[in-house]
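start12.txt, holding compact mmCIF, N, CA and C atoms:
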# COMPACT_ATOMS: atom_id res chain seq x y z
N MET J 1 109.17 104.79 121.36
CA MET J 1 110.12 103.80 120.88
C MET J 1 110.25 103.93 119.36
N ARG J 2 111.42 103.57 118.90
CA ARG J 2 111.71 103.63 117.47
C ARG J 2 111.81 102.21 116.92
N TRP J 3 111.76 102.11 115.60
CA TRP J 3 111.92 100.82 114.93
C TRP J 3 113.38 100.67 114.50
N TYR J 4 113.91 99.46 114.67
CA TYR J 4 115.28 99.16 114.27
C TYR J 4 115.28 97.90 113.41
N ALA J 5 116.13 97.91 112.39
CA ALA J 5 116.33 96.73 111.55
C ALA J 5 117.64 96.09 111.98
N LEU J 6 117.61 94.78 112.17
CA LEU J 6 118.81 94.03 112.52
C LEU J 6 119.05 93.00 111.44
N GLN J 7 120.30 92.86 111.06
CA GLN J 7 120.68 91.87 110.05
C GLN J 7 122.14 91.50 110.29
N PRO J 8 122.54 90.32 109.83
CA PRO J 8 123.94 89.95 109.99
C PRO J 8 124.82 90.76 109.04
N ARG J 9 126.02 91.10 109.48
CA ARG J 9 126.95 91.83 108.61
C ARG J 9 127.25 91.01 107.36
N ASP J 10 127.41 89.69 107.56
CA ASP J 10 127.64 88.78 106.44
C ASP J 10 126.34 88.02 106.18
N PRO J 11 125.70 88.20 105.03
CA PRO J 11 124.43 87.53 104.76
C PRO J 11 124.50 86.00 104.85
N ALA J 12 125.69 85.43 104.73
CA ALA J 12 125.84 83.97 104.80
C ALA J 12 126.22 83.49 106.21
N ASP J 13 126.17 84.37 107.20
CA ASP J 13 126.55 84.00 108.58
C ASP J 13 125.64 82.88 109.08
N PRO J 14 126.20 81.72 109.45
CA PRO J 14 125.36 80.60 109.89
C PRO J 14 124.71 80.82 111.24
N ARG J 15 125.10 81.85 111.97
CA ARG J 15 124.48 82.13 113.27
C ARG J 15 123.13 82.83 113.13
N TRP J 16 122.82 83.36 111.96
CA TRP J 16 121.58 84.10 111.77
C TRP J 16 120.40 83.14 111.96
N PRO J 17 119.48 83.43 112.90
CA PRO J 17 118.41 82.48 113.22
C PRO J 17 117.27 82.41 112.21
N LEU J 18 117.20 83.35 111.27
CA LEU J 18 116.10 83.39 110.31
C LEU J 18 116.63 83.38 108.88
N PRO J 19 117.12 82.25 108.41
CA PRO J 19 117.72 82.23 107.06
C PRO J 19 116.75 82.64 105.96
N GLN J 20 115.44 82.50 106.16
CA GLN J 20 114.47 82.89 105.15
C GLN J 20 114.20 84.40 105.16
N SER J 21 114.71 85.11 106.14
CA SER J 21 114.48 86.54 106.29
C SER J 21 115.83 87.26 106.39
N PRO J 22 116.14 88.19 105.48
CA PRO J 22 117.44 88.84 105.54
C PRO J 22 117.59 89.81 106.71
N GLN J 23 116.47 90.27 107.28
CA GLN J 23 116.53 91.16 108.44
C GLN J 23 115.26 91.04 109.25
N ILE J 24 115.34 91.52 110.50
CA ILE J 24 114.14 91.61 111.32
C ILE J 24 114.01 93.06 111.77
N ARG J 25 112.78 93.46 112.05
CA ARG J 25 112.52 94.80 112.58
C ARG J 25 111.87 94.65 113.93
N LEU J 26 112.30 95.50 114.86
CA LEU J 26 111.68 95.49 116.17
C LEU J 26 111.74 96.87 116.79
N LYS J 27 110.87 97.09 117.76
CA LYS J 27 110.82 98.36 118.46
C LYS J 27 111.76 98.32 119.64
N ALA J 28 112.48 99.43 119.84
CA ALA J 28 113.41 99.51 120.96
C ALA J 28 113.68 100.98 121.28
N GLU J 29 114.25 101.19 122.45
CA GLU J 29 114.58 102.55 122.88
C GLU J 29 115.78 103.11 122.10
N ASP J 30 116.77 102.24 121.84
CA ASP J 30 117.99 102.66 121.16
C ASP J 30 118.65 101.41 120.56
N PRO J 31 119.74 101.58 119.81
CA PRO J 31 120.37 100.40 119.19
C PRO J 31 120.79 99.32 120.19
N ASP J 32 121.29 99.72 121.36
CA ASP J 32 121.69 98.73 122.36
C ASP J 32 120.50 97.95 122.88
N ASP J 33 119.37 98.63 123.05
CA ASP J 33 118.15 97.95 123.49
C ASP J 33 117.66 96.99 122.39
N ALA J 34 117.80 97.39 121.13
CA ALA J 34 117.40 96.51 120.01
C ALA J 34 118.25 95.25 120.02
N ARG J 35 119.54 95.41 120.25
CA ARG J 35 120.45 94.26 120.33
C ARG J 35 120.04 93.34 121.48
N ARG J 36 119.73 93.92 122.64
CA ARG J 36 119.33 93.15 123.82
C ARG J 36 118.05 92.37 123.53
N ARG J 37 117.09 93.02 122.90
CA ARG J 37 115.83 92.35 122.57
C ARG J 37 116.04 91.22 121.56
N PHE J 38 116.94 91.43 120.62
CA PHE J 38 117.26 90.37 119.66
C PHE J 38 117.82 89.15 120.40
N HIS J 39 118.75 89.39 121.33
CA HIS J 39 119.36 88.28 122.08
C HIS J 39 118.33 87.55 122.94
N GLU J 40 117.34 88.28 123.45
CA GLU J 40 116.27 87.64 124.23
C GLU J 40 115.39 86.77 123.34
N ALA J 41 115.05 87.29 122.16
CA ALA J 41 114.15 86.57 121.26
C ALA J 41 114.83 85.41 120.55
N TYR J 42 116.11 85.54 120.25
CA TYR J 42 116.84 84.52 119.51
C TYR J 42 118.13 84.16 120.25
N PRO J 43 118.01 83.48 121.39
CA PRO J 43 119.22 83.11 122.13
C PRO J 43 120.01 82.04 121.38
N SER J 44 121.24 81.91 121.79
CA SER J 44 122.07 80.87 121.18
C SER J 44 121.67 79.51 121.74
N GLU J 45 122.41 78.49 121.34
CA GLU J 45 122.20 77.18 121.94
C GLU J 45 122.35 77.38 123.45
N PRO J 46 121.40 76.92 124.26
CA PRO J 46 121.35 77.30 125.66
C PRO J 46 122.61 77.06 126.47
N PHE J 47 123.32 75.98 126.21
CA PHE J 47 124.47 75.69 127.06
C PHE J 47 125.77 75.60 126.28
N GLY J 48 125.83 76.24 125.15
CA GLY J 48 127.06 76.24 124.39
C GLY J 48 127.41 74.86 123.87
N THR J 49 128.68 74.55 123.92
CA THR J 49 129.17 73.26 123.43
C THR J 49 130.04 72.65 124.53
N PRO J 50 130.42 71.39 124.41
CA PRO J 50 131.31 70.81 125.43
C PRO J 50 132.61 71.59 125.58
N GLY J 51 133.11 72.15 124.49
CA GLY J 51 134.34 72.94 124.56
C GLY J 51 134.11 74.33 125.10
N GLN J 52 132.87 74.79 125.11
CA GLN J 52 132.53 76.13 125.59
C GLN J 52 131.20 76.04 126.33
N PRO J 53 131.19 75.44 127.53
CA PRO J 53 129.94 75.17 128.25
C PRO J 53 129.37 76.36 129.02
N LEU J 54 129.20 77.48 128.36
CA LEU J 54 128.66 78.66 129.01
C LEU J 54 127.24 78.92 128.55
N PRO J 55 126.37 79.37 129.43
CA PRO J 55 125.01 79.66 129.00
C PRO J 55 124.98 80.78 127.96
N ASN J 56 124.09 80.64 127.00
CA ASN J 56 123.88 81.63 125.95
C ASN J 56 125.14 81.97 125.17
N ARG J 57 126.01 81.01 124.98
CA ARG J 57 127.22 81.24 124.20
C ARG J 57 127.42 80.15 123.15
N GLY J 58 126.35 79.52 122.75
CA GLY J 58 126.44 78.43 121.78
C GLY J 58 126.65 78.92 120.37
N ALA J 59 126.43 78.04 119.43
CA ALA J 59 126.73 78.30 118.02
C ALA J 59 125.96 79.47 117.44
N GLY J 60 124.79 79.79 117.95
CA GLY J 60 123.99 80.86 117.37
C GLY J 60 124.19 82.21 118.01
N SER J 61 125.20 82.39 118.81
CA SER J 61 125.34 83.61 119.59
C SER J 61 126.06 84.73 118.87
N PHE J 62 125.48 85.91 118.90
CA PHE J 62 126.14 87.13 118.43
C PHE J 62 126.62 87.94 119.63
N ARG J 63 126.43 87.44 120.85
CA ARG J 63 126.75 88.21 122.05
C ARG J 63 128.20 88.64 122.13
N ASP J 64 129.12 87.79 121.77
CA ASP J 64 130.54 88.14 121.85
C ASP J 64 131.08 88.72 120.56
N ASP J 65 130.20 89.03 119.63
CA ASP J 65 130.60 89.57 118.34
C ASP J 65 129.70 90.76 117.99
N PRO J 66 129.92 91.90 118.65
CA PRO J 66 129.04 93.05 118.41
C PRO J 66 129.06 93.54 116.97
N ASP J 67 130.14 93.28 116.24
CA ASP J 67 130.21 93.71 114.83
C ASP J 67 129.51 92.74 113.90
N GLY J 68 129.08 91.59 114.41
CA GLY J 68 128.40 90.60 113.58
C GLY J 68 127.00 91.01 113.18
N LEU J 69 126.38 91.88 114.00
CA LEU J 69 125.02 92.36 113.71
C LEU J 69 125.05 93.82 113.31
N VAL J 70 124.31 94.17 112.29
CA VAL J 70 124.15 95.56 111.88
C VAL J 70 122.80 96.01 112.40
N VAL J 71 122.79 97.08 113.18
CA VAL J 71 121.55 97.63 113.74
C VAL J 71 121.38 99.04 113.18
N ALA J 72 120.25 99.30 112.53
CA ALA J 72 120.01 100.61 111.94
C ALA J 72 118.56 101.01 112.17
N GLU J 73 118.37 102.30 112.46
CA GLU J 73 117.00 102.80 112.61
C GLU J 73 116.29 102.70 111.28
N THR J 74 115.01 102.35 111.33
CA THR J 74 114.24 102.14 110.10
C THR J 74 112.80 102.57 110.31
N GLU J 75 112.00 102.45 109.27
CA GLU J 75 110.57 102.77 109.35
C GLU J 75 109.82 101.56 109.91
N ALA J 76 108.61 101.80 110.35
CA ALA J 76 107.76 100.71 110.82
C ALA J 76 107.47 99.75 109.67
N PRO J 77 107.38 98.47 109.96
CA PRO J 77 107.07 97.53 108.88
C PRO J 77 105.64 97.74 108.38
N PRO J 78 105.36 97.36 107.15
CA PRO J 78 104.00 97.54 106.64
C PRO J 78 103.01 96.64 107.40
N ALA J 79 101.79 97.08 107.46
CA ALA J 79 100.75 96.29 108.14
C ALA J 79 100.53 95.00 107.37
N PRO J 80 100.26 93.90 108.07
CA PRO J 80 100.03 92.63 107.37
C PRO J 80 98.77 92.70 106.52
N GLN J 81 98.83 92.06 105.37
CA GLN J 81 97.68 92.01 104.46
C GLN J 81 96.81 90.81 104.84
N GLU J 82 95.54 91.04 104.98
CA GLU J 82 94.63 89.93 105.35
C GLU J 82 93.79 89.53 104.20

Do you think you could lay out the structure here as structure tokens?
Amino acid sequence: MRWYALQPRDPADPRWPLPQSPQIRLKAEDPDDARRRFHEAYPSEPFGTPGQPLPNRGAGSFRDDPDGLVVAETEAPPAPQE
């Protein structure tokens, strides 16, 4: 598996679940797998909104906006300092 960095295309995107972190790194088989793992770890509001009552399509969803996330292969993150 390779390491991938994911970040919002727009740093001010309110859907980004980690405002204190500009990107996350995770291991995945390929960019599509990295995207899938991101959606599993950071799902949107579970049932959307009254105007859009679909599962996993709430305010935090990047699922219907593939260009909203930038996925790029990267190096492994540094080991945590203890």

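The spacing separating atom CA of Asp33 of chain J from atom CA of Leu6 of chain J amounts to 11.7 Å.
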
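If you count all atoms listed in the file and draw a sphere of 6.5 Å around (112.2, 97.7, 114.6), the protein and nucleic acid residues inside it come out as J:Arg2, J:Trp3, J:Tyr4, J:Ala5, J:Ile24, J:Arg25, J:Leu26, J:Lys27, J:Ala28, J:Thr74.
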
I'd like the contact shell of Tyr42 of chain J - 9 Å cut-off, only C-alpha atoms, skipping same-chain residues fewer than 4 positions apart - returned as a list of chain:residue names. J:Pro17, J:Arg37, J:Phe38, J:Gly60, J:Ser61

Could you tell me how far atom CA of Arg35 of chain J lies from atom CA of Pro22 of chain J, in Å and to one decimal?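 That distance, rounded to one decimal, is 16.0 Å.
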
First collect every listed atom of segment 19-31 of chain J; then fit an axis-aligned box around them, widen it by 5 Å on each side, and give centre and edge lengths in Å to one decimal, as lines of an AutoDock Vina configuration file.
center_x = 115.8
center_y = 92.7
center_z = 114.0
size_x = 20.0
size_y = 30.9
size_z = 27.7

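For Arg9 of chain J, the residues within 6 Å (counting only N, CA and C atoms, excluding itself and residues fewer than 5 positions away along the chain) are Asp67, Gly68, Leu69 and Val70 of chain J.
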
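Distance check against Pro11 of chain J using only C-alpha atoms: of J:Ala76, J:Gln23, J:Glu29, J:Pro66, the minimum falls on J:Gln23.
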
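Coordinates place atom CA of Gln7 of chain J at a distance of 22.3 Å from atom N of Gln81 of chain J.
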
Could you pull out the helix (DSSP H, G or I) residues of segment 12-49 of chain J from DSSP and send them as a PyMOL selection string? chain J and resi 31-41
